[in-house]
$ cat model.txt   # compact mmCIF, C-alpha atoms
# COMPACT_ATOMS: atom_id res chain seq x y z
CA MET A 315 281.44 -21.94 134.67
CA PRO A 316 281.45 -19.32 137.45
CA ASP A 317 281.39 -20.40 141.09
CA ASP A 318 278.13 -20.01 143.02
CA LEU A 319 279.05 -16.70 144.69
CA THR A 320 280.12 -15.15 141.38
CA LEU A 321 276.85 -16.31 139.83
CA LEU A 322 274.82 -14.96 142.75
CA ARG A 323 276.56 -11.60 142.41
CA ARG A 324 275.69 -11.50 138.71
CA ILE A 325 272.06 -12.34 139.51
CA ASP A 326 272.02 -9.70 142.25
CA SER A 327 273.37 -7.11 139.81
CA TYR A 328 270.64 -8.03 137.33
CA LEU A 329 267.92 -7.79 139.99
CA ASP A 330 269.21 -4.35 140.91
CA ALA A 331 269.37 -3.12 137.31
CA VAL A 332 266.00 -4.26 135.92
CA PRO A 333 263.67 -2.09 138.04
CA ARG A 334 265.76 1.02 137.42
CA SER A 335 264.35 1.37 133.89
CA ALA A 336 260.79 1.72 135.19
CA VAL A 337 261.08 3.66 138.46
CA ARG A 338 263.12 6.25 140.28
CA THR A 339 265.37 5.21 143.12
CA GLU A 340 265.98 6.58 146.57
CA ARG A 341 268.81 5.62 148.87
CA VAL A 342 267.52 4.92 152.40
CA GLY A 343 270.48 3.93 154.55
CA PRO A 344 272.00 0.76 153.09
CA PHE A 345 268.91 0.12 150.94
CA THR A 346 267.82 1.25 147.50
CA LEU A 347 264.09 1.93 147.35
CA PHE A 348 262.49 1.57 143.92
CA VAL A 349 259.72 4.16 143.84
CA GLN A 350 256.74 3.74 141.54
CA GLU A 351 255.64 6.88 139.73
CA GLY A 352 252.34 6.79 137.89
CA ASN A 353 251.17 3.46 136.55
CA GLY A 354 253.45 0.50 136.62
CA TRP A 355 254.90 -2.14 138.83
CA ARG A 356 255.10 -1.58 142.58
CA TYR A 357 258.62 -2.54 143.45
CA TYR A 358 260.36 -3.13 146.76
CA ALA A 359 263.52 -2.05 148.52
CA ARG A 360 266.72 -4.06 148.16
CA PRO A 361 270.25 -3.80 149.51
CA SER A 362 272.30 -1.20 147.67
CA PRO A 363 275.14 -2.79 145.70
CA ARG A 364 278.30 -3.56 147.68
CA THR A 365 276.58 -2.86 151.02
CA GLU A 366 277.34 -5.32 153.80
CA THR A 367 275.98 -3.97 157.09
CA PHE A 368 272.27 -3.84 157.93
CA THR A 369 270.54 -3.09 161.23
CA PRO A 370 266.92 -3.35 162.41
CA ALA A 371 266.88 0.47 162.45
CA ASP A 372 267.82 0.47 158.74
CA VAL A 373 264.91 -1.87 158.02
CA GLU A 374 262.52 0.34 160.02
CA ALA A 375 263.74 3.45 158.15
CA VAL A 376 263.07 1.96 154.72
CA ARG A 377 259.67 0.64 155.85
CA ALA A 378 258.76 4.09 157.17
CA ARG A 379 259.68 5.65 153.81
CA GLN A 380 257.64 3.00 151.98
CA ARG A 381 254.63 3.81 154.15
CA GLU A 382 255.13 7.51 153.55
CA LEU A 383 255.12 6.91 149.78
CA GLY A 384 252.18 4.48 149.87
CA GLN A 385 254.45 1.69 148.63
CA PRO A 386 254.28 -1.93 149.80
CA GLU A 387 256.48 -2.60 152.82
CA ALA A 388 258.69 -5.13 151.10
CA ILE A 389 262.40 -5.88 150.94
CA GLU A 390 263.95 -8.45 148.63
CA TRP A 391 267.56 -9.63 148.57
CA VAL A 392 269.89 -12.41 147.48
CA VAL A 393 270.88 -14.12 150.74
CA GLY A 394 274.30 -15.23 149.54
CA VAL A 395 275.23 -11.67 148.57
CA ALA A 396 273.64 -9.77 151.47
CA PRO A 397 273.34 -12.27 154.34
CA GLY A 398 272.89 -9.53 156.94
CA VAL A 399 269.50 -8.41 155.61
CA GLY A 400 267.59 -11.45 156.90
CA PRO A 401 268.68 -11.12 160.54
CA ALA A 402 268.06 -7.34 160.47
CA ALA A 403 264.60 -7.82 158.94
CA ASP A 404 263.83 -10.56 161.43
CA ALA A 405 264.97 -8.42 164.38
CA ALA A 406 262.80 -5.59 163.07
CA GLY A 407 259.86 -8.00 162.95
CA ILE A 408 259.21 -7.74 159.21
CA THR A 409 259.45 -11.46 158.45
CA ARG A 410 257.91 -12.63 161.68
CA GLU A 411 254.85 -10.36 161.35
CA ARG A 412 253.73 -12.03 158.12
CA MET A 413 254.56 -15.48 159.43
CA ARG A 414 252.81 -14.94 162.76
CA ALA A 415 249.73 -13.73 160.89
CA GLY A 416 249.87 -16.77 158.60
CA ALA A 417 250.20 -14.49 155.55
CA THR A 418 253.49 -16.12 154.51
CA VAL A 419 254.62 -19.69 155.06
CA THR A 420 258.26 -20.43 154.23
CA ALA A 421 260.05 -23.75 153.93
CA ALA A 422 263.75 -24.41 153.43
CA ALA A 423 265.87 -27.45 152.59
CA PHE A 424 269.25 -27.90 154.25
CA VAL A 425 272.26 -30.03 153.38
CA ASP A 426 274.75 -30.45 156.25
CA GLY A 427 273.24 -27.43 157.99
CA THR A 428 273.48 -25.15 154.94
CA PRO A 429 270.27 -23.84 153.32
CA VAL A 430 270.23 -24.94 149.67
CA SER A 431 266.61 -24.33 148.67
CA VAL A 432 263.79 -22.09 149.84
CA GLY A 433 260.20 -21.30 148.88
CA SER A 434 257.02 -19.78 150.31
CA HIS A 435 253.30 -19.60 149.86
CA ASN A 436 250.98 -16.72 150.73
CA PRO A 437 247.51 -17.87 151.82
CA CYS A 438 244.69 -15.35 151.43
CA GLU A 439 240.92 -15.83 151.19
CA GLY A 440 241.03 -19.56 150.53
CA ALA A 441 243.75 -19.43 147.87
CA THR A 442 247.54 -19.32 147.86
CA GLU A 443 250.41 -18.82 145.47
CA ILE A 444 253.64 -20.73 145.79
CA VAL A 445 256.44 -18.24 145.20
CA GLY A 446 260.17 -17.86 145.32
CA VAL A 447 261.08 -21.54 145.03
CA ALA A 448 264.81 -21.49 144.32
CA THR A 449 267.64 -23.97 144.69
CA LEU A 450 271.34 -23.18 144.62
CA PRO A 451 272.83 -24.21 141.25
CA ALA A 452 275.13 -26.84 142.78
CA TYR A 453 272.10 -28.64 144.27
CA ARG A 454 269.75 -28.61 141.30
CA ARG A 455 268.50 -31.70 139.44
CA ARG A 456 268.31 -33.68 142.68
CA GLY A 457 264.59 -33.27 143.32
CA ILE A 458 265.10 -30.78 146.16
CA GLY A 459 262.94 -28.05 144.57
CA ALA A 460 260.16 -30.55 143.86
CA ALA A 461 260.31 -31.87 147.41
CA LEU A 462 260.18 -28.35 148.82
CA THR A 463 257.21 -27.53 146.59
CA SER A 464 255.46 -30.67 147.90
CA VAL A 465 256.02 -29.51 151.49
CA LEU A 466 254.40 -26.15 150.66
CA ILE A 467 251.47 -27.88 148.92
CA ARG A 468 250.95 -30.17 151.91
CA ASP A 469 250.96 -27.16 154.25
CA ALA A 470 248.38 -25.37 152.09
CA ILE A 471 246.15 -28.45 152.03
CA GLU A 472 246.41 -28.78 155.82
CA ARG A 473 245.26 -25.15 156.05
CA ARG A 474 242.24 -26.10 153.91
CA ILE A 475 243.31 -23.84 151.03
CA GLY A 476 241.06 -24.59 148.06
CA VAL A 477 243.13 -23.08 145.25
CA ILE A 478 246.91 -23.43 145.01
CA CYS A 479 248.56 -21.67 142.09
CA LEU A 480 251.99 -20.61 140.88
CA SER A 481 253.75 -19.16 137.88
CA ALA A 482 256.58 -21.07 136.24
CA GLY A 483 259.44 -19.01 134.89
CA SER A 484 260.41 -21.50 132.18
CA PRO A 485 259.30 -24.78 130.58
CA ASP A 486 261.88 -26.65 132.70
CA ILE A 487 260.40 -25.23 135.89
CA ALA A 488 256.89 -25.96 134.62
CA ARG A 489 257.87 -29.64 134.28
CA VAL A 490 258.98 -29.72 137.93
CA TYR A 491 255.63 -28.27 138.97
CA ALA A 492 253.75 -30.72 136.73
CA GLN A 493 255.45 -33.56 138.59
CA ALA A 494 254.07 -32.06 141.80
CA GLY A 495 250.54 -32.23 140.34
CA PHE A 496 250.08 -28.76 138.83
CA ARG A 497 248.58 -28.23 135.41
CA GLN A 498 248.55 -25.14 133.25
CA VAL A 499 245.16 -23.46 133.11
CA GLY A 500 246.23 -20.05 131.79
CA GLU A 501 248.95 -17.49 131.51
CA VAL A 502 249.66 -14.31 133.45
CA GLY A 503 249.89 -11.07 131.51
CA ALA A 504 251.24 -7.68 132.53
CA ALA A 505 251.16 -4.30 130.85
CA GLU A 506 252.14 -0.76 131.66
CA PRO A 507 252.38 2.43 129.64
CA PRO A 508 255.80 3.53 128.40
CA ALA A 509 257.75 5.74 130.77

$ encode --input "model.txt" --output "structure tokens"
Amino acid sequence: MPDDLTLLRRIDSYLDAVPRSAVRTERVGPFTLFVQEGNGWRYYARPSPRTETFTPADVEAVRARQRELGQPEAIEWVVGVAPGVGPAADAAGITRERMRAGATVTAAAFVDGTPVSVGSHNPCEGATEIVGVATLPAYRRRGIGAALTSVLIRDAIERRIGVICLSAGSPDIARVYAQAGFRQVGEVGAAEPPA
């Protein structure tokens, strides 16, 4: 079995490859911007492979290009592979803006000072979706993801959110969410014309 960093690099490579079949890419400093053309998914920017240095100016440059193209101002990354993105995005105000506005609430679980699980919810108009709940492989099956999900649910309830939803990526994940009180009421579909 590969070590955690090797696994994260494989996941990062996958996350970089998948959007490329549906969009064109632009290099903006150390970021790759996935540009929607026509109908289809509106992707984000992410660190270009094997890039290690990121500055607030780099974040501002990619956001400016996203605005110019009418794309969402969004950056996604695998923290263990590109740890410099978070501090650069934070210094540029991108994470704090959403959090200050209450548009994103993020929780993290730490073991001996190291983040091992993270997740968020995005309240809007009396509803929220719990997203991005992930736990490092070495810390799974300990109830950390379920506990983190419970923290996000409690926060949403305290904010008087009436509808809390999420999408489970697999039956195993769905069971974790069922333990937190969720029940399946439907499925999400997606469609786009061929390129």

$ atom_distance --input "model.txt" --atom1 "CA of Leu450 in chain A" --atom2 "CA of Thr409 in chain A"
21.7 Å

$ residues_around --input "model.txt" --residues "Ser464 in chain A" --least-positions-apart "6" --cutoff "12 Å" --atoms "all atoms listed in the file" --output "ChimeraX atom specification"
/A:421-423,433-435,444,447,457-458,470-471,478,490-496

$ write_last_selection --input "model.txt" --atoms "C-alpha atoms" --output "mmCIF file, keeping the file's coordinate frame"
data_model
loop_
_atom_site.group_PDB
_atom_site.id
_atom_site.type_symbol
_atom_site.label_atom_id
_atom_site.label_comp_id
_atom_site.auth_asym_id
_atom_site.auth_seq_id
_atom_site.Cartn_x
_atom_site.Cartn_y
_atom_site.Cartn_z
ATOM 1 C CA ALA A 421 260.050 -23.750 153.930
ATOM 2 C CA ALA A 422 263.750 -24.410 153.430
ATOM 3 C CA ALA A 423 265.870 -27.450 152.590
ATOM 4 C CA GLY A 433 260.200 -21.300 148.880
ATOM 5 C CA SER A 434 257.020 -19.780 150.310
ATOM 6 C CA HIS A 435 253.300 -19.600 149.860
ATOM 7 C CA ILE A 444 253.640 -20.730 145.790
ATOM 8 C CA VAL A 447 261.080 -21.540 145.030
ATOM 9 C CA GLY A 457 264.590 -33.270 143.320
ATOM 10 C CA ILE A 458 265.100 -30.780 146.160
ATOM 11 C CA ALA A 470 248.380 -25.370 152.090
ATOM 12 C CA ILE A 471 246.150 -28.450 152.030
ATOM 13 C CA ILE A 478 246.910 -23.430 145.010
ATOM 14 C CA VAL A 490 258.980 -29.720 137.930
ATOM 15 C CA TYR A 491 255.630 -28.270 138.970
ATOM 16 C CA ALA A 492 253.750 -30.720 136.730
ATOM 17 C CA GLN A 493 255.450 -33.560 138.590
ATOM 18 C CA ALA A 494 254.070 -32.060 141.800
ATOM 19 C CA GLY A 495 250.540 -32.230 140.340
ATOM 20 C CA PHE A 496 250.080 -28.760 138.830
#

$ axis_aligned_box --input "model.txt" --around "range 457-464 of chain A" --padding-each-side "5 Å" --output "JSON"
{"center_x": 260.3, "center_y": -30.4, "center_z": 146.1, "size_x": 19.6, "size_y": 15.7, "size_z": 15.5}

$ residues_around --input "model.txt" --residues "range 372-384 of chain A" --least-positions-apart "3" --cutoff "7 Å" --atoms "only C-alpha atoms" --output "PyMOL selection string"
chain A and resi 342-343+368-369+387+402-403+406

$ residues_near_point --input "model.txt" --point "(276.6, -6.5, 158.8)" --cutoff "12 Å" --atoms "only C-alpha atoms" --output "list in words"
Pro344, Pro361, Arg364, Thr365, Glu366, Thr367, Phe368, Thr369, Pro370, Asp372, Val395, Ala396, Pro397, Gly398, Val399, Gly400, Pro401 and Ala402 of chain A

$ residues_around --input "model.txt" --residues "Gly416 in chain A" --least-positions-apart "2" --cutoff "9 Å" --atoms "all atoms listed in the file" --output "ChimeraX atom specification"
/A:411-414,418-419,436-438

$ atom_distance --input "model.txt" --atom1 "CA of Ser327 in chain A" --atom2 "CA of Pro485 in chain A"
24.4 Å

$ atom_distance --input "model.txt" --atom1 "CA of Val432 in chain A" --atom2 "CA of Gly500 in chain A"
25.3 Å

$ residues_around --input "model.txt" --residues "range 439-441 of chain A" --least-positions-apart "4" --cutoff "8 Å" --atoms "all atoms listed in the file" --output "PyMOL selection string"
chain A and resi 474-479

$ write_last_selection --input "model.txt" --atoms "C-alpha atoms" --output "CSV table (one decimal), keeping the file's coordinate frame"
chain,number,residue,atom,x,y,z
A,474,ARG,CA,242.2,-26.1,153.9
A,475,ILE,CA,243.3,-23.8,151.0
A,476,GLY,CA,241.1,-24.6,148.1
A,477,VAL,CA,243.1,-23.1,145.2
A,478,ILE,CA,246.9,-23.4,145.0
A,479,CYS,CA,248.6,-21.7,142.1
